[in-house]
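Engineer: Structure file structure03.cif, mmCIF, N, CA and C atoms, is pasted below:
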```cif
data_input
loop_
_atom_site.label_atom_id
_atom_site.label_comp_id
_atom_site.auth_asym_id
_atom_site.auth_seq_id
_atom_site.Cartn_x
_atom_site.Cartn_y
_atom_site.Cartn_z
N MET A 4 0.03 9.85 5.05
CA MET A 4 1.30 9.18 4.95
C MET A 4 1.63 8.50 6.27
N SER A 5 1.47 9.22 7.36
CA SER A 5 1.84 8.64 8.65
C SER A 5 0.94 7.47 9.01
N TYR A 6 -0.33 7.51 8.60
CA TYR A 6 -1.26 6.41 8.84
C TYR A 6 -0.75 5.13 8.18
N ALA A 7 -0.37 5.23 6.92
CA ALA A 7 0.14 4.06 6.19
C ALA A 7 1.48 3.62 6.76
N GLU A 8 2.33 4.57 7.11
CA GLU A 8 3.65 4.22 7.64
C GLU A 8 3.53 3.51 8.99
N LYS A 9 2.60 3.95 9.83
CA LYS A 9 2.40 3.30 11.13
C LYS A 9 1.94 1.85 10.95
N MET A 10 1.09 1.61 9.98
CA MET A 10 0.61 0.26 9.75
C MET A 10 1.67 -0.65 9.14
N LEU A 11 2.53 -0.07 8.30
CA LEU A 11 3.50 -0.87 7.56
C LEU A 11 4.89 -0.89 8.18
N GLY A 12 5.26 0.19 8.85
CA GLY A 12 6.61 0.29 9.39
C GLY A 12 7.66 0.49 8.31
N ASP A 13 7.25 0.98 7.15
CA ASP A 13 8.17 1.16 6.02
C ASP A 13 7.74 2.40 5.25
N LEU A 14 8.58 3.43 5.28
CA LEU A 14 8.25 4.70 4.64
C LEU A 14 8.10 4.54 3.13
N GLY A 15 8.99 3.79 2.51
CA GLY A 15 8.93 3.62 1.05
C GLY A 15 7.64 2.98 0.58
N VAL A 16 7.23 1.93 1.25
CA VAL A 16 5.98 1.26 0.88
C VAL A 16 4.79 2.17 1.19
N ALA A 17 4.87 2.90 2.30
CA ALA A 17 3.80 3.83 2.66
C ALA A 17 3.63 4.89 1.57
N GLU A 18 4.73 5.37 1.02
CA GLU A 18 4.66 6.35 -0.06
C GLU A 18 3.96 5.76 -1.28
N ASP A 19 4.25 4.51 -1.60
CA ASP A 19 3.60 3.85 -2.73
C ASP A 19 2.09 3.71 -2.48
N ILE A 20 1.73 3.35 -1.26
CA ILE A 20 0.32 3.19 -0.90
C ILE A 20 -0.41 4.53 -1.02
N VAL A 21 0.20 5.59 -0.50
CA VAL A 21 -0.44 6.91 -0.57
C VAL A 21 -0.57 7.36 -2.02
N GLN A 22 0.43 7.09 -2.82
CA GLN A 22 0.36 7.44 -4.24
C GLN A 22 -0.82 6.72 -4.90
N GLU A 23 -0.98 5.45 -4.62
CA GLU A 23 -2.10 4.69 -5.20
C GLU A 23 -3.44 5.21 -4.67
N THR A 24 -3.48 5.63 -3.41
CA THR A 24 -4.70 6.21 -2.84
C THR A 24 -5.08 7.48 -3.58
N ILE A 25 -4.11 8.33 -3.86
CA ILE A 25 -4.36 9.59 -4.58
C ILE A 25 -4.83 9.30 -6.01
N ILE A 26 -4.24 8.29 -6.64
CA ILE A 26 -4.67 7.92 -8.00
C ILE A 26 -6.13 7.46 -7.98
N GLN A 27 -6.49 6.65 -6.99
CA GLN A 27 -7.88 6.20 -6.90
C GLN A 27 -8.83 7.36 -6.62
N ALA A 28 -8.39 8.30 -5.80
CA ALA A 28 -9.21 9.48 -5.53
C ALA A 28 -9.41 10.29 -6.81
N TRP A 29 -8.36 10.45 -7.58
CA TRP A 29 -8.43 11.19 -8.84
C TRP A 29 -9.41 10.52 -9.80
N ARG A 30 -9.33 9.19 -9.88
CA ARG A 30 -10.21 8.44 -10.78
C ARG A 30 -11.67 8.48 -10.33
N ASN A 31 -11.90 8.71 -9.05
CA ASN A 31 -13.26 8.72 -8.51
C ASN A 31 -13.68 10.11 -8.04
N MET A 32 -13.07 11.15 -8.58
CA MET A 32 -13.30 12.51 -8.14
C MET A 32 -14.78 12.91 -8.20
N ASP A 33 -15.46 12.57 -9.28
CA ASP A 33 -16.87 12.95 -9.41
C ASP A 33 -17.71 12.28 -8.32
N ARG A 34 -17.41 11.05 -8.01
CA ARG A 34 -18.15 10.35 -6.96
C ARG A 34 -17.81 10.91 -5.59
N LEU A 35 -16.54 11.25 -5.37
CA LEU A 35 -16.11 11.80 -4.09
C LEU A 35 -16.77 13.15 -3.81
N LEU A 36 -16.81 13.99 -4.80
CA LEU A 36 -17.38 15.33 -4.61
C LEU A 36 -18.89 15.30 -4.42
N GLY A 37 -19.54 14.25 -4.94
CA GLY A 37 -20.98 14.17 -4.83
C GLY A 37 -21.48 13.36 -3.64
N MET A 38 -20.58 12.75 -2.90
CA MET A 38 -21.04 11.89 -1.81
C MET A 38 -21.33 12.68 -0.54
N GLU A 39 -22.15 12.10 0.30
CA GLU A 39 -22.53 12.78 1.54
C GLU A 39 -21.54 12.53 2.67
N GLY A 40 -20.80 11.46 2.58
CA GLY A 40 -19.85 11.13 3.64
C GLY A 40 -18.59 11.97 3.57
N SER A 41 -17.65 11.62 4.42
CA SER A 41 -16.40 12.35 4.52
C SER A 41 -15.39 11.87 3.48
N VAL A 42 -14.80 12.81 2.76
CA VAL A 42 -13.74 12.47 1.82
C VAL A 42 -12.54 11.92 2.60
N LYS A 43 -12.26 12.51 3.74
CA LYS A 43 -11.15 12.05 4.58
C LYS A 43 -11.37 10.59 4.98
N GLY A 44 -12.59 10.26 5.38
CA GLY A 44 -12.90 8.89 5.74
C GLY A 44 -12.71 7.93 4.58
N TRP A 45 -13.11 8.37 3.40
CA TRP A 45 -12.95 7.56 2.19
C TRP A 45 -11.47 7.31 1.93
N LEU A 46 -10.66 8.36 2.05
CA LEU A 46 -9.21 8.23 1.81
C LEU A 46 -8.57 7.26 2.81
N PHE A 47 -8.96 7.36 4.08
CA PHE A 47 -8.41 6.45 5.08
C PHE A 47 -8.83 5.01 4.80
N THR A 48 -10.07 4.81 4.37
CA THR A 48 -10.55 3.47 4.06
C THR A 48 -9.79 2.87 2.88
N VAL A 49 -9.61 3.66 1.84
CA VAL A 49 -8.86 3.19 0.67
C VAL A 49 -7.43 2.86 1.07
N THR A 50 -6.82 3.73 1.87
CA THR A 50 -5.44 3.49 2.32
C THR A 50 -5.36 2.19 3.11
N ARG A 51 -6.27 2.00 4.04
CA ARG A 51 -6.28 0.76 4.85
C ARG A 51 -6.44 -0.47 3.96
N ASN A 52 -7.36 -0.40 3.00
CA ASN A 52 -7.58 -1.54 2.11
C ASN A 52 -6.35 -1.85 1.26
N LEU A 53 -5.67 -0.82 0.79
CA LEU A 53 -4.46 -1.03 0.01
C LEU A 53 -3.34 -1.63 0.86
N VAL A 54 -3.24 -1.20 2.12
CA VAL A 54 -2.25 -1.77 3.03
C VAL A 54 -2.54 -3.25 3.26
N VAL A 55 -3.80 -3.57 3.50
CA VAL A 55 -4.17 -4.98 3.72
C VAL A 55 -3.84 -5.80 2.48
N ASP A 56 -4.17 -5.30 1.31
CA ASP A 56 -3.85 -6.01 0.07
C ASP A 56 -2.35 -6.22 -0.07
N TRP A 57 -1.57 -5.20 0.24
CA TRP A 57 -0.12 -5.30 0.11
C TRP A 57 0.45 -6.34 1.08
N VAL A 58 -0.04 -6.34 2.30
CA VAL A 58 0.45 -7.29 3.30
C VAL A 58 0.09 -8.72 2.91
N ARG A 59 -1.03 -8.91 2.27
CA ARG A 59 -1.48 -10.25 1.87
C ARG A 59 -0.78 -10.78 0.63
N LYS A 60 -0.05 -9.94 -0.08
CA LYS A 60 0.63 -10.38 -1.30
C LYS A 60 1.62 -11.49 -0.97
N PRO A 61 1.82 -12.38 -1.92
CA PRO A 61 2.74 -13.51 -1.68
C PRO A 61 4.16 -13.09 -1.32
N HIS A 62 4.63 -11.94 -1.81
CA HIS A 62 6.01 -11.53 -1.51
C HIS A 62 6.23 -11.34 -0.01
N MET A 63 5.17 -11.14 0.74
CA MET A 63 5.32 -10.95 2.18
C MET A 63 5.53 -12.28 2.90
N ARG A 64 5.26 -13.40 2.22
CA ARG A 64 5.38 -14.70 2.86
C ARG A 64 6.63 -15.45 2.45
N ARG A 65 7.47 -14.84 1.66
CA ARG A 65 8.68 -15.52 1.20
C ARG A 65 9.63 -15.76 2.36
N GLU A 66 10.27 -16.89 2.29
CA GLU A 66 11.28 -17.20 3.29
C GLU A 66 12.61 -16.60 2.84
N VAL A 67 13.40 -16.20 3.79
CA VAL A 67 14.71 -15.68 3.48
C VAL A 67 15.64 -16.86 3.32
N VAL A 68 16.29 -16.93 2.19
CA VAL A 68 17.18 -18.03 1.88
C VAL A 68 18.61 -17.52 1.94
N GLY A 69 19.45 -18.25 2.63
CA GLY A 69 20.85 -17.85 2.76
C GLY A 69 21.59 -18.01 1.44
N VAL A 70 22.65 -17.26 1.30
CA VAL A 70 23.47 -17.32 0.11
C VAL A 70 24.72 -18.10 0.44
N ARG A 71 25.03 -19.05 -0.39
CA ARG A 71 26.22 -19.87 -0.18
C ARG A 71 27.27 -19.45 -1.19
N THR A 72 28.47 -19.16 -0.71
CA THR A 72 29.57 -18.77 -1.59
C THR A 72 30.45 -19.98 -1.84
N VAL A 73 30.71 -20.23 -3.11
CA VAL A 73 31.57 -21.34 -3.48
C VAL A 73 32.89 -20.75 -3.94
N ILE A 74 33.96 -21.18 -3.29
CA ILE A 74 35.30 -20.69 -3.66
C ILE A 74 36.02 -21.83 -4.39
N ARG A 75 36.44 -21.54 -5.58
CA ARG A 75 37.16 -22.55 -6.37
C ARG A 75 38.62 -22.14 -6.48
N SER A 76 39.49 -23.11 -6.36
CA SER A 76 40.91 -22.79 -6.48
C SER A 76 41.50 -23.29 -7.75
#
```
Please re-express this file's structure in structure tokens.
Structural biologist:
Amino acid sequence: MSYAEKMLGDLGVAEDIVQETIIQAWRNMDRLLGMEGSVKGWLFTVTRNLVVDWVRKPHMRREVVGVRTVIRS
């Protein structure tokens, strides 16, 4: 969680990323248990990739548009 939060600076988004990482681990459990590498390393790699994907999403590039209030009498 702290790894994702440090990269994103947003606890809520970090929680979503970690949740998706756990889902991917669950879906790949047989492969994870049979691999020779580190499960921890795999989890960090998946987390990093999900963070990169999230940052690249178009919603991150939106411009903030001001709100104009119209008062009618």
Engineer: Interatomic distance between atom CA of A:Arg30 and atom C of A:Thr48?
Structural biologist: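 So the answer is 14.8 Å.
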Engineer: Tell me which protein, DNA and RNA residues are within 6.5 Å of stretch 17-24 of chain A, counting all atoms listed in the file, leaving out same-chain ones fewer than 4 positions away, and put them as a list in words.
Structural biologist: Met4, Ala7, Glu8, Asp13, Ala28, Trp29, Val49, Thr50, Leu53 and Val54 of chain A
Engineer: Those selected residues, please, written with N, CA and C atoms and delivered as a CSV table (one decimal), keeping the file's coordinate frame.
Structural biologist:
```csv
chain,number,residue,atom,x,y,z
A,4,MET,N,0.0,9.8,5.0
A,4,MET,CA,1.3,9.2,5.0
A,4,MET,C,1.6,8.5,6.3
A,7,ALA,N,-0.4,5.2,6.9
A,7,ALA,CA,0.1,4.1,6.2
A,7,ALA,C,1.5,3.6,6.8
A,8,GLU,N,2.3,4.6,7.1
A,8,GLU,CA,3.6,4.2,7.6
A,8,GLU,C,3.5,3.5,9.0
A,13,ASP,N,7.2,1.0,7.2
A,13,ASP,CA,8.2,1.2,6.0
A,13,ASP,C,7.7,2.4,5.2
A,28,ALA,N,-8.4,8.3,-5.8
A,28,ALA,CA,-9.2,9.5,-5.5
A,28,ALA,C,-9.4,10.3,-6.8
A,29,TRP,N,-8.4,10.4,-7.6
A,29,TRP,CA,-8.4,11.2,-8.8
A,29,TRP,C,-9.4,10.5,-9.8
A,49,VAL,N,-9.6,3.7,1.8
A,49,VAL,CA,-8.9,3.2,0.7
A,49,VAL,C,-7.4,2.9,1.1
A,50,THR,N,-6.8,3.7,1.9
A,50,THR,CA,-5.4,3.5,2.3
A,50,THR,C,-5.4,2.2,3.1
A,53,LEU,N,-5.7,-0.8,0.8
A,53,LEU,CA,-4.5,-1.0,0.0
A,53,LEU,C,-3.3,-1.6,0.9
A,54,VAL,N,-3.2,-1.2,2.1
A,54,VAL,CA,-2.2,-1.8,3.0
A,54,VAL,C,-2.5,-3.2,3.3
```
Engineer: Report, in Å to a single decimal, how far apart atom CA of A:Glu39 and atom C of A:Asp56 are.
Structural biologist: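 About the pair atom C of A:Asp56 and atom CA of A:Glu39: they are 27.8 Å apart.
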Engineer: Quick check, in Å to one decimal: how far apart do atom C of A:Met32 and atom CA of A:Tyr6 lie?
Structural biologist: 22.7 Å
Engineer: Any chance you could build stretch 26-42 of chain A out to N, CA, C and O atoms and write it as a PDB file, in the frame of the given file?
Structural biologist:
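Output saved as result_6.pdb:
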```
ATOM      1  N   ILE A  26      -4.240   8.290  -6.640  1.00  0.00           N
ATOM      2  CA  ILE A  26      -4.670   7.920  -8.000  1.00  0.00           C
ATOM      3  C   ILE A  26      -6.130   7.460  -7.980  1.00  0.00           C
ATOM      4  O   ILE A  26      -6.918   7.853  -8.835  1.00  0.00           O
ATOM      5  N   GLN A  27      -6.490   6.650  -6.990  1.00  0.00           N
ATOM      6  CA  GLN A  27      -7.880   6.200  -6.900  1.00  0.00           C
ATOM      7  C   GLN A  27      -8.830   7.360  -6.620  1.00  0.00           C
ATOM      8  O   GLN A  27      -9.938   7.397  -7.149  1.00  0.00           O
ATOM      9  N   ALA A  28      -8.390   8.300  -5.800  1.00  0.00           N
ATOM     10  CA  ALA A  28      -9.210   9.480  -5.530  1.00  0.00           C
ATOM     11  C   ALA A  28      -9.410  10.290  -6.810  1.00  0.00           C
ATOM     12  O   ALA A  28     -10.509  10.762  -7.098  1.00  0.00           O
ATOM     13  N   TRP A  29      -8.360  10.450  -7.580  1.00  0.00           N
ATOM     14  CA  TRP A  29      -8.430  11.190  -8.840  1.00  0.00           C
ATOM     15  C   TRP A  29      -9.410  10.520  -9.800  1.00  0.00           C
ATOM     16  O   TRP A  29     -10.225  11.175 -10.442  1.00  0.00           O
ATOM     17  N   ARG A  30      -9.330   9.190  -9.880  1.00  0.00           N
ATOM     18  CA  ARG A  30     -10.210   8.440 -10.780  1.00  0.00           C
ATOM     19  C   ARG A  30     -11.670   8.480 -10.330  1.00  0.00           C
ATOM     20  O   ARG A  30     -12.566   8.280 -11.140  1.00  0.00           O
ATOM     21  N   ASN A  31     -11.900   8.710  -9.050  1.00  0.00           N
ATOM     22  CA  ASN A  31     -13.260   8.720  -8.510  1.00  0.00           C
ATOM     23  C   ASN A  31     -13.680  10.110  -8.040  1.00  0.00           C
ATOM     24  O   ASN A  31     -14.561  10.237  -7.195  1.00  0.00           O
ATOM     25  N   MET A  32     -13.070  11.150  -8.580  1.00  0.00           N
ATOM     26  CA  MET A  32     -13.300  12.510  -8.140  1.00  0.00           C
ATOM     27  C   MET A  32     -14.780  12.910  -8.200  1.00  0.00           C
ATOM     28  O   MET A  32     -15.302  13.487  -7.252  1.00  0.00           O
ATOM     29  N   ASP A  33     -15.460  12.570  -9.280  1.00  0.00           N
ATOM     30  CA  ASP A  33     -16.870  12.950  -9.410  1.00  0.00           C
ATOM     31  C   ASP A  33     -17.710  12.280  -8.320  1.00  0.00           C
ATOM     32  O   ASP A  33     -18.607  12.900  -7.747  1.00  0.00           O
ATOM     33  N   ARG A  34     -17.410  11.050  -8.010  1.00  0.00           N
ATOM     34  CA  ARG A  34     -18.150  10.350  -6.960  1.00  0.00           C
ATOM     35  C   ARG A  34     -17.810  10.910  -5.590  1.00  0.00           C
ATOM     36  O   ARG A  34     -18.679  11.068  -4.731  1.00  0.00           O
ATOM     37  N   LEU A  35     -16.540  11.250  -5.370  1.00  0.00           N
ATOM     38  CA  LEU A  35     -16.110  11.800  -4.090  1.00  0.00           C
ATOM     39  C   LEU A  35     -16.770  13.150  -3.810  1.00  0.00           C
ATOM     40  O   LEU A  35     -17.214  13.406  -2.689  1.00  0.00           O
ATOM     41  N   LEU A  36     -16.810  13.990  -4.800  1.00  0.00           N
ATOM     42  CA  LEU A  36     -17.380  15.330  -4.610  1.00  0.00           C
ATOM     43  C   LEU A  36     -18.890  15.300  -4.420  1.00  0.00           C
ATOM     44  O   LEU A  36     -19.448  16.179  -3.785  1.00  0.00           O
ATOM     45  N   GLY A  37     -19.540  14.250  -4.940  1.00  0.00           N
ATOM     46  CA  GLY A  37     -20.980  14.170  -4.830  1.00  0.00           C
ATOM     47  C   GLY A  37     -21.480  13.360  -3.640  1.00  0.00           C
ATOM     48  O   GLY A  37     -22.674  13.324  -3.377  1.00  0.00           O
ATOM     49  N   MET A  38     -20.580  12.750  -2.900  1.00  0.00           N
ATOM     50  CA  MET A  38     -21.040  11.890  -1.810  1.00  0.00           C
ATOM     51  C   MET A  38     -21.330  12.680  -0.540  1.00  0.00           C
ATOM     52  O   MET A  38     -20.822  13.782  -0.348  1.00  0.00           O
ATOM     53  N   GLU A  39     -22.150  12.100   0.300  1.00  0.00           N
ATOM     54  CA  GLU A  39     -22.530  12.780   1.540  1.00  0.00           C
ATOM     55  C   GLU A  39     -21.540  12.530   2.670  1.00  0.00           C
ATOM     56  O   GLU A  39     -21.456  13.299   3.600  1.00  0.00           O
ATOM     57  N   GLY A  40     -20.800  11.460   2.580  1.00  0.00           N
ATOM     58  CA  GLY A  40     -19.850  11.130   3.640  1.00  0.00           C
ATOM     59  C   GLY A  40     -18.590  11.970   3.570  1.00  0.00           C
ATOM     60  O   GLY A  40     -18.445  12.889   2.767  1.00  0.00           O
ATOM     61  N   SER A  41     -17.650  11.620   4.420  1.00  0.00           N
ATOM     62  CA  SER A  41     -16.400  12.350   4.520  1.00  0.00           C
ATOM     63  C   SER A  41     -15.390  11.870   3.480  1.00  0.00           C
ATOM     64  O   SER A  41     -15.141  10.668   3.354  1.00  0.00           O
ATOM     65  N   VAL A  42     -14.800  12.810   2.760  1.00  0.00           N
ATOM     66  CA  VAL A  42     -13.740  12.470   1.820  1.00  0.00           C
ATOM     67  C   VAL A  42     -12.540  11.920   2.600  1.00  0.00           C
ATOM     68  O   VAL A  42     -11.901  10.950   2.176  1.00  0.00           O
TER      69      VAL A  42
END
```
